[in-house]
Structures are given as C-alpha cells and as structure tokens.
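Undergrad: Structure file protein.txt (compact mmCIF, C-alpha atoms) right here:
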```txt
# COMPACT_ATOMS: atom_id res chain seq x y z
CA MET A 8 95.03 77.21 117.50
CA ALA A 9 95.18 79.15 114.21
CA GLN A 10 91.53 80.08 114.63
CA HIS A 11 92.26 81.84 117.92
CA LEU A 12 94.96 83.89 116.18
CA LYS A 13 92.56 84.88 113.41
CA ASP A 14 89.93 85.94 115.93
CA ARG A 15 92.48 87.90 117.91
CA GLU A 16 93.54 89.83 114.81
CA ALA A 17 89.91 90.48 113.91
CA PHE A 18 89.15 91.78 117.39
CA GLN A 19 92.22 94.03 117.22
CA ARG A 20 90.92 95.45 113.96
CA LEU A 21 87.45 95.97 115.44
CA ASN A 22 89.01 97.70 118.44
CA PHE A 23 90.98 100.01 116.12
CA LEU A 24 87.85 100.92 114.14
CA TYR A 25 85.91 101.63 117.34
CA GLN A 26 88.67 103.87 118.70
CA ALA A 27 89.05 105.61 115.34
CA ALA A 28 85.34 106.44 115.27
CA HIS A 29 85.56 107.93 118.77
CA CYS A 30 88.71 109.84 117.87
CA VAL A 31 87.20 111.31 114.69
CA LEU A 32 84.13 112.52 116.55
CA SER A 33 86.12 113.98 119.44
CA GLN A 34 88.45 115.95 117.13
CA ASN A 35 85.81 117.19 114.71
CA PRO A 36 82.14 116.71 115.73
CA GLU A 37 80.97 117.61 112.21
CA ASN A 38 82.77 114.60 110.71
CA VAL A 39 79.93 112.19 111.50
CA GLU A 40 80.03 110.44 108.12
CA LEU A 41 83.57 109.13 108.62
CA ALA A 42 82.65 107.79 112.07
CA ARG A 43 79.56 106.13 110.52
CA PHE A 44 81.80 104.52 107.89
CA TYR A 45 84.07 103.10 110.61
CA CYS A 46 81.09 101.76 112.55
CA PHE A 47 79.53 100.26 109.42
CA THR A 48 82.85 98.57 108.58
CA GLN A 49 83.03 97.20 112.12
CA LYS A 50 79.49 95.84 111.86
CA THR A 51 80.26 94.25 108.48
CA ILE A 52 83.40 92.52 109.78
CA THR A 53 81.55 91.25 112.83
CA ARG A 54 78.76 89.83 110.70
CA ARG A 55 81.07 88.32 108.08
CA LEU A 56 83.33 86.55 110.60
CA VAL A 57 80.40 85.65 112.91
CA LEU A 58 81.95 87.26 115.98
CA ARG A 59 80.25 88.36 119.17
CA GLN A 60 80.87 91.84 120.43
CA ASP A 61 80.58 92.90 124.03
CA PRO A 62 77.12 94.32 124.85
CA SER A 63 78.65 97.58 126.08
CA VAL A 64 80.13 98.12 122.59
CA LYS A 65 76.95 97.13 120.75
CA ARG A 66 74.93 99.59 122.82
CA THR A 67 76.95 102.50 121.47
CA PHE A 68 75.90 101.91 117.85
CA CYS A 69 72.65 102.88 116.18
CA LYS A 70 71.14 99.77 114.60
CA LYS A 71 69.41 101.76 111.87
CA CYS A 72 72.08 104.14 110.54
CA CYS A 73 75.28 102.61 112.06
CA SER A 74 76.34 105.85 113.71
CA LEU A 75 78.26 106.03 116.96
CA LEU A 76 75.93 107.14 119.76
CA VAL A 77 77.74 109.80 121.79
CA PRO A 78 75.41 111.60 124.24
CA GLY A 79 75.11 115.29 123.41
CA LEU A 80 76.80 114.90 120.03
CA THR A 81 74.99 112.26 117.98
CA ALA A 82 72.42 111.10 120.54
CA THR A 83 70.18 112.36 123.31
CA THR A 84 69.90 110.50 126.59
CA ARG A 85 66.84 110.63 128.83
CA GLN A 86 65.81 108.88 132.03
CA LYS A 87 62.19 107.73 132.11
CA ARG A 88 60.03 105.91 134.59
CA ARG A 89 57.52 103.37 133.33
CA HIS A 90 55.28 100.87 135.07
CA GLY A 91 55.67 102.33 138.54
CA LYS A 92 59.17 101.80 139.91
CA ASN A 93 61.03 100.65 136.80
CA ARG A 94 63.44 103.23 135.42
CA PHE A 95 64.72 103.20 131.87
CA THR A 96 67.42 104.99 129.93
CA VAL A 97 66.25 106.06 126.48
CA ILE A 98 68.95 106.85 123.93
CA LYS A 99 67.72 108.52 120.73
CA CYS A 100 69.88 108.88 117.62
CA ILE A 101 69.80 112.47 116.37
CA LEU A 102 70.59 111.48 112.77
CA CYS A 103 67.79 108.96 112.14
CA GLY A 104 65.53 109.14 115.22
CA GLN A 105 65.96 105.51 116.29
CA CYS A 106 65.42 104.93 120.04
CA LYS A 107 67.06 102.36 122.32
CA THR A 108 65.65 101.63 125.76
CA PHE A 109 67.67 100.03 128.57
CA LEU A 110 66.48 99.01 132.03
CA ASN A 111 68.12 100.80 134.98
CA ASN A 112 68.11 98.04 137.56
CA PRO A 113 71.20 97.88 139.76
CA ASP A 114 70.52 94.20 140.53
CA HIS A 115 70.31 93.28 136.84
CA SER A 116 73.37 91.67 135.28
CA LEU A 117 73.90 90.55 131.72
CA TRP A 118 74.19 86.82 131.13
CA VAL A 119 77.67 87.32 129.69
CA ASP A 120 78.83 88.78 133.02
CA ARG A 121 77.53 85.88 135.11
CA ASP A 122 79.66 82.99 136.35
CA GLU A 123 77.52 80.37 134.57
CA ALA A 124 78.41 81.86 131.19
CA GLN A 125 82.12 81.59 131.89
CA GLN A 126 81.76 78.00 133.13
CA GLU A 127 79.83 76.97 130.01
CA LEU A 128 82.45 78.56 127.78
CA GLN A 129 85.19 76.67 129.61
CA LYS A 130 83.26 73.38 129.24
CA GLU A 131 82.85 73.98 125.49
CA GLN A 132 86.57 74.70 125.11
CA LYS A 133 87.47 71.49 126.96
CA ILE A 134 85.16 69.44 124.72
CA VAL A 135 86.67 70.96 121.56
CA GLU A 136 90.22 70.37 122.83
CA HIS A 137 89.32 66.76 123.71
CA HIS A 138 87.94 66.13 120.20
CA LEU A 139 91.00 67.71 118.59
CA LYS A 140 93.33 65.64 120.74
CA ASN A 141 91.48 62.41 119.90
CA SER A 142 91.41 63.18 116.19
CA ARG A 143 95.19 63.67 116.16
CA ASN A 144 95.85 60.41 118.04
CA THR A 145 93.68 58.24 115.78
CA LYS A 146 95.10 56.65 112.62
CA PRO A 147 93.02 56.60 109.43
CA GLY A 148 92.39 52.87 110.02
CA GLY A 149 90.58 53.67 113.23
CA SER A 150 93.00 52.18 115.75
CA PRO A 151 94.97 54.43 118.06
CA PRO A 152 98.76 54.57 117.63
CA PRO A 153 100.86 52.24 119.76
CA THR A 154 102.04 53.60 123.07
CA PRO A 155 105.77 54.41 123.17
CA GLY A 156 106.58 52.06 126.08
CA ALA A 157 104.63 49.06 124.78
CA ALA A 158 106.55 45.98 123.67
CA GLN A 159 106.13 45.19 120.00
CA THR A 160 106.55 41.71 118.60
CA THR A 161 107.79 41.05 115.12
CA MET A 162 107.56 37.81 113.18
```
Output the file's structure as structure tokens, nothing else.
TA:
Amino acid sequence: MAQHLKDREAFQRLNFLYQAAHCVLSQNPENVELARFYCFTQKTITRRLVLRQDPSVKRTFCKKCCSLLVPGLTATTRQKRRHGKNRFTVIKCILCGQCKTFLNNPDHSLWVDRDEAQQELQKEQKIVEHHLKNSRNTKPGGSPPPTPGAAQTTM
C-alpha cells in the first residue's frame, strides 16, 4: 500500500508542475523558458519513477524541446485532409519546428479509454493482492499458519 501513496504524491507533483506551466504562460506569454523548465522537470520525474501519464497530457508537450504546446502561443494548429476522407490535426511547435499529427476520427478511442483496459488493470491488481496476501500468510518454513479455530494437540 505504501507504493500507492508514493505514486499519488508523485502524480500530485506532476499535476502541480503542469498547472504551473500553464499559469506561467497565461500570465506572461514571454516567459516560455520557465514553462519549458516545468515541463522538462515533469518529463524527468515521469521517466525516473516509470509512471504513465494520460495521453491528453502527453499530447500537450513537445517531444523535442519539452515546451508546453498552447495553440496560438507556442504552437500552431492546422486541420489537414490526407488519403481521401481521413482528417488530421497537425500541431507544430513554434520554438523548434517539431510537428505532431493526430487522427480526427470521431469513432476512434484510445485503448486507455476502453473497457478492456480497465478490466485488465483490475485483474492485475487482484493478482498482485492475492500474491501479497499469500506471502503474508506463509511462514518461512513453507507451511501456512494454523487456523485460529483449529484444535491443537500438545504432547
């Protein structure tokens, strides 16, 4: 259970850094370097603690220069049509020129948002809890502890 607490604190810190970057850019649009520092720190913490961020958060960062992509301020957003019907959103970082392309399909859903992903996560949690429960109930000798209601004989 201590691991969940550590992750919760880390996610709170990541949330603070993300909000701070947005706040810095909204108050002073010329202060891009401080926002980049916050985003770089967030990326470093995520990588060091091996955490997964929500895709909607990851899409707002430039992978090349770690700047926060705010349309009209640090990024340009365009709608393009490729391969006939398929529409794409192209986000280009103004600072470094890196482009990100996302499909505009209303029927498309991320795997994280699907029900199967949630069910698999629940199954993994149950397996981990089962292993933890069994490891606590087993003595070092390998035999499980006696049940409280069982009759014990002494000689």
Undergrad: Kindly indicate which residue among A:Asn22, A:Ser74, A:Gln86, A:Asn38 lies nearest to Asp61 in chain A, using only C-alpha atoms for the distances.
TA: A:Asn22
Undergrad: Counting all atoms listed in the file, figure out which residue out of A:Arg15, A:Arg20, A:His137, A:Arg66 gets nearest to Lys107 in chain A.
TA: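 Closest to Lys107 in chain A of all the choices is A:Arg66.
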Undergrad: Which residues come within 10 Å of Pro36 in chain A, counting all atoms listed in the file, excluding same-chain residues fewer than 5 positions away, as a PyMOL selection string?
TA: chain A and resi 29-31+42+80-81
Undergrad: Using all atoms listed in the file, find the one residue out of A:Lys65, A:Arg43, A:Lys70, A:Lys50 that sits nearest to Gly104 in chain A.
TA: A:Lys70
Undergrad: What is the distance between CA of Leu117 in chain A and CA of Gln129 in chain A, in Å to one decimal?
TA: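 Result for CA of Leu117 in chain A versus CA of Gln129 in chain A: 18.0 Å, one decimal.
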Undergrad: Write out as a VMD selection string each polymer residue whose atoms come within 10 Å of Thr84 in chain A, counting all atoms listed in the file; drop sequence neighbours fewer than 6 positions from it.
TA: chain A and resid 76 to 78 96 to 100 106 to 108
Undergrad: What gap, in Å, lies between CA of His115 in chain A and CA of Lys133 in chain A?
TA: 29.4 Å
Undergrad: Please, what distance in Å, to one decimal, runs between CA of Cys72 in chain A and CA of Leu102 in chain A?
TA: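 Computing it gives 7.8 Å between the two atoms.
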Undergrad: Fewer than 5 positions away in the same chain doesn't count, so skip those; otherwise give me all residues within 12 Å of Val119 in chain A, counting only C-alpha atoms, as a list in words.
TA: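 Neighbouring residues, sequence-local ones excluded: Arg59, Gln60, Asp61, Pro62, Ser63, Ala124, Gln125, Gln126, Glu127 and Leu128 of chain A.
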Undergrad: Rank A:Phe44, A:Arg89, A:Ile101, A:Leu21 by their smallest atom-to-atom distance to Val64 in chain A, using only C-alpha atoms, and report the top residue only.
TA: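 Smallest distance to Val64 in chain A is found for A:Leu21.
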Undergrad: Output as lines of an AutoDock Vina configuration file the centre and edge lengths (Å, one decimal) of the box along x, y and z of the file that holds every listed atom of range 117-123 of chain A after adding 6 Å on each side.
TA:
```
center_x = 76.8
center_y = 85.5
center_z = 133.0
size_x = 17.8
size_y = 22.2
size_z = 18.7
```
